[in-house]
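Colleague: One file: coords.csv (CSV, C-alpha atoms).
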chain,number,residue,atom,x,y,z
E,4,MET,CA,-37.0,8.8,-17.0
E,5,GLU,CA,-35.4,9.6,-13.6
E,6,HIS,CA,-36.7,12.7,-11.8
E,7,ALA,CA,-34.2,15.1,-10.3
E,8,LYS,CA,-33.7,14.9,-6.6
E,9,SER,CA,-35.4,17.6,-4.7
E,10,GLY,CA,-33.0,20.0,-2.9
E,11,PRO,CA,-33.1,20.8,0.8
E,12,SER,CA,-35.1,24.0,0.1
E,13,SER,CA,-38.1,21.6,-0.5
E,14,TRP,CA,-37.6,19.5,2.7
E,15,PRO,CA,-40.3,20.2,5.2
E,16,GLU,CA,-38.0,19.7,8.1
E,17,LEU,CA,-35.8,22.6,6.9
E,18,ALA,CA,-38.6,25.1,6.4
E,19,ASP,CA,-37.3,27.1,9.4
E,20,VAL,CA,-33.7,27.2,8.3
E,21,VAL,CA,-32.3,30.3,6.6
E,22,PRO,CA,-29.5,29.3,4.2
E,23,VAL,CA,-26.1,30.8,4.7
E,24,PRO,CA,-24.6,31.6,1.2
E,25,HIS,CA,-20.9,31.1,0.5
E,26,ASP,CA,-19.0,34.3,0.8
E,27,ASP,CA,-16.0,34.8,-1.6
E,28,GLY,CA,-15.4,38.3,-0.4
E,29,PRO,CA,-16.2,41.6,-2.3
E,30,SER,CA,-13.8,41.0,-5.2
E,31,PRO,CA,-13.0,37.3,-5.8
E,32,VAL,CA,-10.3,36.9,-8.3
E,33,VAL,CA,-11.4,33.5,-9.7
E,34,PRO,CA,-14.9,32.7,-8.3
E,35,ILE,CA,-15.8,29.0,-8.5
E,36,ALA,CA,-18.8,28.3,-10.7
E,37,TYR,CA,-20.7,26.0,-8.3
E,38,ARG,CA,-23.6,24.0,-9.6
E,39,ASP,CA,-26.9,25.2,-8.4
E,40,ASP,CA,-27.7,21.9,-6.5
E,41,PHE,CA,-24.3,22.0,-4.8
E,42,ARG,CA,-24.6,25.6,-3.8
E,43,GLU,CA,-28.1,24.9,-2.4
E,44,VAL,CA,-27.0,21.9,-0.3
E,45,MET,CA,-23.9,23.7,1.0
E,46,ASP,CA,-25.8,26.9,1.9
E,47,TYR,CA,-28.2,24.8,4.1
E,48,PHE,CA,-25.3,22.8,5.5
E,49,ARG,CA,-23.5,26.0,6.4
E,50,ALA,CA,-26.6,27.2,8.3
E,51,LEU,CA,-26.8,24.1,10.5
E,52,TYR,CA,-23.0,23.9,10.9
E,53,VAL,CA,-22.6,27.5,12.2
E,54,THR,CA,-25.2,26.8,14.9
E,55,GLY,CA,-23.7,23.4,15.7
E,56,GLU,CA,-27.0,21.6,15.3
E,57,ARG,CA,-26.8,17.9,15.8
E,58,SER,CA,-30.1,16.5,14.6
E,59,PRO,CA,-31.5,13.9,12.2
E,60,ARG,CA,-32.1,16.6,9.6
E,61,ALA,CA,-28.5,17.7,9.9
E,62,LEU,CA,-27.3,14.1,9.5
E,63,ARG,CA,-29.5,13.8,6.3
E,64,LEU,CA,-28.0,17.0,5.0
E,65,THR,CA,-24.4,15.8,5.5
E,66,ALA,CA,-25.3,12.7,3.4
E,67,GLU,CA,-26.4,15.0,0.6
E,68,ALA,CA,-23.3,17.1,0.9
E,69,ILE,CA,-21.0,14.0,0.9
E,70,GLU,CA,-22.8,12.6,-2.2
E,71,LEU,CA,-21.9,15.8,-4.0
E,72,ASN,CA,-18.4,16.0,-2.7
E,73,PRO,CA,-17.0,13.0,-0.8
E,74,GLY,CA,-13.8,14.8,-0.1
E,75,ASN,CA,-15.2,17.6,2.1
E,76,TYR,CA,-13.5,16.8,5.4
E,77,THR,CA,-15.5,19.5,7.2
E,78,VAL,CA,-18.7,17.7,6.3
E,79,TRP,CA,-17.3,14.3,7.4
E,80,HIS,CA,-16.1,15.8,10.7
E,81,PHE,CA,-19.5,17.4,11.4
E,82,ARG,CA,-21.2,14.1,10.5
E,83,ARG,CA,-19.2,12.3,13.2
E,84,LEU,CA,-20.2,14.9,15.8
E,85,ILE,CA,-23.8,14.3,14.9
E,86,LEU,CA,-23.5,10.5,14.9
E,87,GLU,CA,-22.2,10.7,18.5
E,88,ALA,CA,-24.8,13.1,19.6
E,89,LEU,CA,-27.6,11.0,18.2
E,90,ASP,CA,-26.1,7.7,19.4
E,91,PHE,CA,-26.7,6.5,15.8
E,92,ASP,CA,-26.4,2.9,14.7
E,93,LEU,CA,-22.8,2.7,13.6
E,94,LEU,CA,-23.3,-0.5,11.7
E,95,GLU,CA,-25.8,1.3,9.5
E,96,GLU,CA,-23.2,4.1,9.1
E,97,MET,CA,-20.6,1.6,8.1
E,98,LYS,CA,-23.0,0.4,5.3
E,99,PHE,CA,-23.4,4.1,4.2
E,100,VAL,CA,-19.7,4.8,4.1
E,101,GLY,CA,-19.0,1.5,2.4
E,102,LYS,CA,-21.2,2.4,-0.6
E,103,ILE,CA,-19.5,5.8,-0.8
E,104,ALA,CA,-16.1,4.1,-0.7
E,105,GLU,CA,-16.9,1.7,-3.5
E,106,CYS,CA,-17.4,4.7,-5.8
E,107,ASN,CA,-14.5,6.7,-4.3
E,108,PRO,CA,-11.9,4.1,-3.3
E,109,LYS,CA,-9.0,6.5,-3.1
E,110,ASN,CA,-10.6,9.2,-0.9
E,111,TYR,CA,-8.7,10.0,2.3
E,112,GLN,CA,-11.7,11.3,4.2
E,113,ILE,CA,-13.8,8.1,3.5
E,114,TRP,CA,-11.1,5.8,4.8
E,115,HIS,CA,-10.5,8.0,7.9
E,116,HIS,CA,-14.3,7.8,8.6
E,117,LYS,CA,-14.2,4.0,8.2
E,118,ARG,CA,-11.3,3.8,10.7
E,119,TRP,CA,-13.2,6.0,13.2
E,120,LEU,CA,-16.2,3.7,12.9
E,121,ALA,CA,-14.1,0.6,13.3
E,122,GLU,CA,-12.5,2.0,16.4
E,123,LYS,CA,-15.9,2.5,17.9
E,124,LEU,CA,-17.3,-0.9,16.9
E,125,GLY,CA,-14.3,-2.9,18.0
E,126,PRO,CA,-12.9,-6.4,17.2
E,127,ASP,CA,-16.3,-7.7,16.1
E,128,ILE,CA,-16.1,-5.6,12.9
E,129,ALA,CA,-12.6,-6.9,11.9
E,130,ASN,CA,-13.7,-9.7,9.6
E,131,LYS,CA,-16.2,-7.4,7.7
E,132,GLU,CA,-13.5,-4.8,7.3
E,133,HIS,CA,-11.1,-7.4,5.9
E,134,GLU,CA,-13.8,-8.6,3.5
E,135,PHE,CA,-14.4,-5.0,2.4
E,136,THR,CA,-10.7,-4.3,1.7
E,137,MET,CA,-10.5,-7.6,-0.2
E,138,LYS,CA,-13.3,-6.4,-2.4
E,139,ILE,CA,-11.6,-3.1,-3.1
E,140,LEU,CA,-8.2,-4.8,-3.7
E,141,ALA,CA,-9.8,-7.2,-6.1
E,142,ILE,CA,-10.6,-4.2,-8.3
E,143,ASP,CA,-7.3,-2.4,-7.7
E,144,ALA,CA,-4.5,-4.5,-6.1
E,145,LYS,CA,-2.4,-1.5,-5.4
E,146,ASN,CA,-4.9,0.7,-3.6
E,147,TYR,CA,-2.7,2.2,-0.9
E,148,HIS,CA,-5.7,3.3,1.2
E,149,ALA,CA,-7.2,-0.2,1.3
E,150,TRP,CA,-3.8,-1.8,2.2
E,151,SER,CA,-3.2,0.8,4.9
E,152,HIS,CA,-6.7,0.3,6.3
E,153,ARG,CA,-6.2,-3.5,6.2
E,154,GLN,CA,-2.9,-3.3,8.1
E,155,TRP,CA,-4.5,-1.0,10.7
E,156,VAL,CA,-7.4,-3.3,11.3
E,157,LEU,CA,-5.0,-6.3,11.7
E,158,GLN,CA,-3.0,-4.5,14.3
E,159,ALA,CA,-5.9,-2.8,16.1
E,160,LEU,CA,-8.7,-5.3,15.8
E,161,GLY,CA,-7.2,-8.6,14.8
E,162,GLY,CA,-7.9,-11.1,12.0
E,163,TRP,CA,-4.3,-12.4,11.6
E,164,GLU,CA,-5.4,-16.0,11.4
E,165,THR,CA,-6.0,-16.1,7.6
E,166,GLU,CA,-3.8,-13.2,6.5
E,167,LEU,CA,-0.8,-15.3,5.3
E,168,GLU,CA,-3.1,-17.5,3.3
E,169,TYR,CA,-4.6,-14.4,1.7
E,170,CYS,CA,-1.1,-13.3,0.7
E,171,ASN,CA,-0.5,-16.8,-0.8
E,172,GLN,CA,-3.7,-16.5,-2.7
E,173,LEU,CA,-2.8,-13.1,-4.2
E,174,LEU,CA,0.6,-14.3,-5.2
E,175,LYS,CA,-0.8,-17.4,-6.8
E,176,GLU,CA,-3.0,-15.1,-8.9
E,177,ASP,CA,-0.2,-12.7,-9.7
E,178,VAL,CA,3.4,-13.3,-8.5
E,179,PHE,CA,4.3,-9.8,-9.7
E,180,ASN,CA,2.0,-8.2,-7.2
E,181,ASN,CA,4.5,-6.2,-5.2
E,182,SER,CA,1.8,-5.0,-2.8
E,183,ALA,CA,1.1,-8.6,-1.9
E,184,TRP,CA,4.8,-9.2,-1.3
E,185,ASN,CA,4.8,-6.1,0.9
E,186,GLN,CA,1.8,-7.4,2.9
E,187,ARG,CA,3.4,-10.8,3.2
E,188,TYR,CA,6.5,-9.2,4.8
E,189,PHE,CA,4.2,-7.2,7.1
E,190,VAL,CA,2.5,-10.4,8.2
E,191,ILE,CA,5.6,-12.5,8.9
E,192,THR,CA,7.2,-9.6,10.9
E,193,ARG,CA,4.1,-8.3,12.8
E,194,SER,CA,1.7,-11.3,13.3
E,195,PRO,CA,1.5,-12.4,16.9
E,196,LEU,CA,0.6,-15.9,15.7
E,197,LEU,CA,3.7,-16.7,13.7
E,198,GLY,CA,6.5,-16.2,16.2
E,199,GLY,CA,8.4,-13.6,14.4
E,200,LEU,CA,10.8,-13.5,11.5
E,201,THR,CA,13.4,-15.8,13.0
E,202,VAL,CA,10.8,-18.5,13.3
E,203,VAL,CA,9.5,-18.4,9.7
E,204,ARG,CA,12.7,-17.3,7.9
E,205,ASP,CA,13.8,-20.7,6.8
E,206,SER,CA,10.5,-21.6,5.2
E,207,GLU,CA,10.1,-18.1,3.7
E,208,VAL,CA,13.5,-18.3,2.1
E,209,ASP,CA,12.5,-21.6,0.4
E,210,TYR,CA,9.2,-20.0,-0.7
E,211,THR,CA,10.9,-17.0,-2.1
E,212,ILE,CA,13.6,-18.8,-4.0
E,213,GLU,CA,11.0,-21.0,-5.7
E,214,ALA,CA,9.3,-17.7,-6.8
E,215,ILE,CA,12.6,-16.3,-8.1
E,216,LEU,CA,13.5,-19.4,-10.1
E,217,ALA,CA,10.1,-19.4,-11.7
E,218,ASN,CA,10.4,-15.7,-12.7
E,219,PRO,CA,13.9,-14.4,-12.3
E,220,GLN,CA,13.0,-11.0,-13.8
E,221,ASN,CA,10.4,-10.4,-11.0
E,222,GLU,CA,12.1,-7.8,-8.7
E,223,SER,CA,9.7,-8.3,-5.8
E,224,PRO,CA,10.9,-11.7,-4.5
E,225,TRP,CA,14.5,-10.6,-4.8
E,226,ARG,CA,13.7,-7.6,-2.5
E,227,TYR,CA,11.7,-9.8,-0.2
E,228,LEU,CA,14.6,-12.3,0.0
E,229,LYS,CA,17.0,-9.7,1.1
E,230,GLY,CA,14.4,-8.2,3.5
E,231,LEU,CA,14.3,-11.6,5.3
E,232,TYR,CA,17.8,-10.9,6.6
E,233,LYS,CA,17.4,-7.2,7.3
E,234,GLY,CA,20.1,-6.1,9.7
E,235,GLU,CA,21.7,-9.5,9.7
E,236,ASN,CA,24.0,-9.5,6.7
E,237,ASN,CA,26.2,-12.2,8.3
E,238,LEU,CA,23.3,-14.6,8.1
E,239,LEU,CA,22.6,-13.5,4.6
E,240,VAL,CA,26.1,-14.4,3.5
E,241,ASP,CA,26.2,-17.6,5.5
E,242,ASP,CA,23.0,-19.0,4.0
E,243,GLU,CA,24.2,-20.9,0.9
E,244,ARG,CA,20.7,-20.9,-0.6
E,245,ILE,CA,21.1,-17.1,-1.2
E,246,SER,CA,24.3,-17.3,-3.2
E,247,GLY,CA,23.0,-20.5,-4.7
E,248,VAL,CA,20.0,-18.9,-6.3
E,249,CYS,CA,22.2,-16.1,-7.7
E,250,PHE,CA,24.4,-18.7,-9.3
E,251,LYS,CA,21.5,-20.7,-10.7
E,252,VAL,CA,19.9,-17.6,-12.3
E,253,LEU,CA,23.2,-16.2,-13.6
E,254,LYS,CA,24.2,-19.5,-15.3
E,255,ASN,CA,21.0,-19.2,-17.4
E,256,ASP,CA,21.1,-15.4,-17.8
E,257,TRP,CA,24.2,-13.5,-16.7
E,258,THR,CA,22.5,-10.2,-17.5
E,259,CYS,CA,19.9,-10.6,-14.7
E,260,VAL,CA,20.3,-7.3,-12.8
E,261,PHE,CA,18.6,-8.5,-9.7
E,262,ALA,CA,20.8,-11.6,-9.4
E,263,LEU,CA,23.9,-9.5,-10.1
E,264,SER,CA,22.9,-6.8,-7.6
E,265,LEU,CA,22.4,-9.4,-4.8
E,266,LEU,CA,25.6,-11.2,-5.6
E,267,LEU,CA,27.5,-7.9,-5.4
E,268,ASP,CA,25.9,-7.3,-2.0
E,269,LEU,CA,27.1,-10.7,-0.9
E,270,LEU,CA,30.6,-10.2,-2.2
E,271,CYS,CA,30.9,-6.8,-0.4
E,272,THR,CA,29.6,-8.4,2.8
E,273,GLY,CA,32.1,-11.2,2.9
E,274,LEU,CA,31.1,-14.0,0.5
E,275,GLN,CA,34.3,-16.0,-0.1
E,276,LEU,CA,35.6,-17.1,-3.5
E,277,SER,CA,34.4,-20.6,-4.3
E,278,ASP,CA,34.5,-23.0,-7.2
E,279,GLU,CA,30.8,-22.3,-7.9
E,280,LEU,CA,31.4,-18.6,-7.9
E,281,LYS,CA,34.4,-19.0,-10.3
E,282,SER,CA,32.3,-21.2,-12.7
E,283,THR,CA,29.5,-18.6,-12.6
E,284,LEU,CA,31.8,-15.7,-13.4
E,285,GLU,CA,33.9,-17.6,-16.1
E,286,PRO,CA,31.4,-17.1,-19.0
E,287,ILE,CA,31.2,-13.4,-18.0
E,288,ARG,CA,35.0,-13.0,-18.0
E,289,SER,CA,35.2,-14.7,-21.4
E,290,SER,CA,32.6,-12.4,-22.9
E,291,HIS,CA,34.3,-9.3,-21.4
E,292,PRO,CA,38.1,-9.7,-21.6
E,293,GLU,CA,38.6,-6.4,-19.8
E,294,THR,CA,37.5,-8.1,-16.6
E,295,ALA,CA,39.9,-11.1,-16.9
E,296,ASP,CA,42.2,-9.9,-14.0
E,297,ALA,CA,39.5,-8.1,-12.0
E,298,ASP,CA,38.3,-9.3,-8.6
E,299,PRO,CA,34.7,-10.8,-8.5
E,300,ALA,CA,33.0,-7.6,-7.1
E,301,THR,CA,34.6,-5.5,-9.9
E,302,VAL,CA,33.5,-8.0,-12.5
E,303,VAL,CA,29.9,-7.8,-11.3
E,304,CYS,CA,30.0,-4.0,-11.3
E,305,CYS,CA,31.3,-3.9,-14.9
E,306,ILE,CA,28.5,-6.2,-16.0
E,307,LEU,CA,25.9,-4.1,-14.1
E,308,GLN,CA,27.2,-1.0,-15.9
E,309,LYS,CA,26.2,-2.6,-19.2
E,310,CYS,CA,23.1,-4.5,-18.2
E,311,ASP,CA,21.5,-1.7,-16.1
E,312,PRO,CA,21.9,1.5,-18.1
E,313,LEU,CA,19.4,3.4,-16.0
E,314,ARG,CA,21.8,3.3,-13.1
E,315,VAL,CA,25.1,3.2,-15.0
E,316,ASN,CA,26.4,6.3,-13.1
E,317,TYR,CA,25.6,4.6,-9.8
E,318,TRP,CA,27.5,1.4,-10.7
E,319,SER,CA,30.4,3.5,-12.0
E,320,TRP,CA,30.6,5.2,-8.7
E,321,PHE,CA,30.2,1.9,-6.8
E,322,LYS,CA,33.1,0.4,-8.8
E,323,ALA,CA,35.2,3.4,-8.0
E,324,THR,CA,34.6,2.9,-4.3
E,325,LEU,CA,35.7,-0.7,-4.6
E,326,SER,CA,39.0,0.5,-6.1
E,327,GLN,CA,39.5,2.9,-3.2
E,328,ILE,CA,38.9,0.1,-0.7
E,329,SER,CA,41.3,-2.3,-2.4
Is it possible to give me this structure as structure tokens?

Modeller:
Amino acid sequence: MEHAKSGPSSWPELADVVPVPHDDGPSPVVPIAYRDDFREVMDYFRALYVTGERSPRALRLTAEAIELNPGNYTVWHFRRLILEALDFDLLEEMKFVGKIAECNPKNYQIWHHKRWLAEKLGPDIANKEHEFTMKILAIDAKNYHAWSHRQWVLQALGGWETELEYCNQLLKEDVFNNSAWNQRYFVITRSPLLGGLTVVRDSEVDYTIEAILANPQNESPWRYLKGLYKGENNLLVDDERISGVCFKVLKNDWTCVFALSLLLDLLCTGLQLSDELKSTLEPIRSSHPETADADPATVVCCILQKCDPLRVNYWSWFKATLSQIS
């Protein structure tokens, strides 16, 4: 049977400290029913905090307070002041915060503290931080805090060399992992080692089209594909692979919203009528006689109104704008 931890009132090093109780005022409307152990720790913490004491006993007390409430930003801030004053081993502190983070992976204060430590420790800590975020992301692939920290470490401390391969690994494990697609885009557009988007675009288009054809209903690669031409719609239209993947998918499933949506973008940006486009739209026109005489963009809008009921009002509005333009 485990014995209860002794509170700070029993610590010999705090014998001279007079606790400062929490003051809710004379007539609190809804007083918080703090646990006795929490109240005791915070009363002692408050006593050292108001005097600004930066000592080993104060550091120990902040650890107790953090264990009881890892989200207390005042305690974390005071702990940083103490660490600096004591010239404490920051690698040991990184181990401490790592254990707290594993139990509280979505706590803002913890990740802020990790960043503060990483800034102090410099590039030598980069690989360990990447290993740590990988560990967290293996548990929850969409943990925003872990992704944000990972991106910050890459930009501030380095570690780009294996990041694209990490993205490949994640997408092999789960091609629907939209966070991994987002990270992949971050890498190809920010990495100082890859030469920029224009250098890798061609191979990335092939990679993405392969992912689309394997799982046409996966929205992430469709978004990624369009992002590869962000701000360069003329190149998007000119690359026959883009319209080509729309045609391939729609010939197998003319209700694929993502293919229809991208095809509509292409048509509105200057995609010219071709035999392949005609053959792709022919089965759709046959199934929907009301579109027989409509232009290609209007045909696609009509299908989207039926295939994408969640955004039916948007597609109706969009079709109306096409009529106004024509």

Colleague: From the options E:Ala61, E:Leu216, E:Ala36, E:Val248, which residue's atoms come nearest to E:Arg83, counting all atoms listed in the file?

Modeller: E:Ala61

Colleague: So which residues are close to (-10.3, 0.7, 9.9), meaning at most 6 Å away in the file's coordinates with only C-alpha atoms counted, and can you show them as a list in words?

Modeller: Lys117, Arg118, Ala121, His152 and Val156 of chain E

Colleague: Please list as a VMD selection string every residue within 12 Å of E:Glu87, counting all atoms listed in the file and excluding residues in the same chain fewer than 6 positions away.

Modeller: chain E and resid 57 to 59 62 80 to 81 93 96 119 to 120 123

Colleague: Any idea what the distance is between atom CA of E:Cys304 and atom CA of E:Leu263?

Modeller: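 Atom-to-atom, atom CA of E:Cys304 to atom CA of E:Leu263, that is 8.3 Å.
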
Colleague: Residues near E:Glu122, anyone? I mean within 10 Å using only C-alpha atoms, not counting same-chain ones fewer than 5 positions away, as a PyMOL selection string.

Modeller: chain E and resi 116-117+128-129+156+159-160

Colleague: Considering only C-alpha atoms, can you say which of E:Phe91, E:Val252, E:Cys305, E:Leu51 comes closest to E:Asp19?

Modeller: E:Leu51

Colleague: Counting only C-alpha atoms, what is within 10 Å of E:Val190, bar same-chain residues fewer than 5 positions away, as a PyMOL selection string?

Modeller: chain E and resi 154+157+163+166-167+170+184-185+195-197+199-200
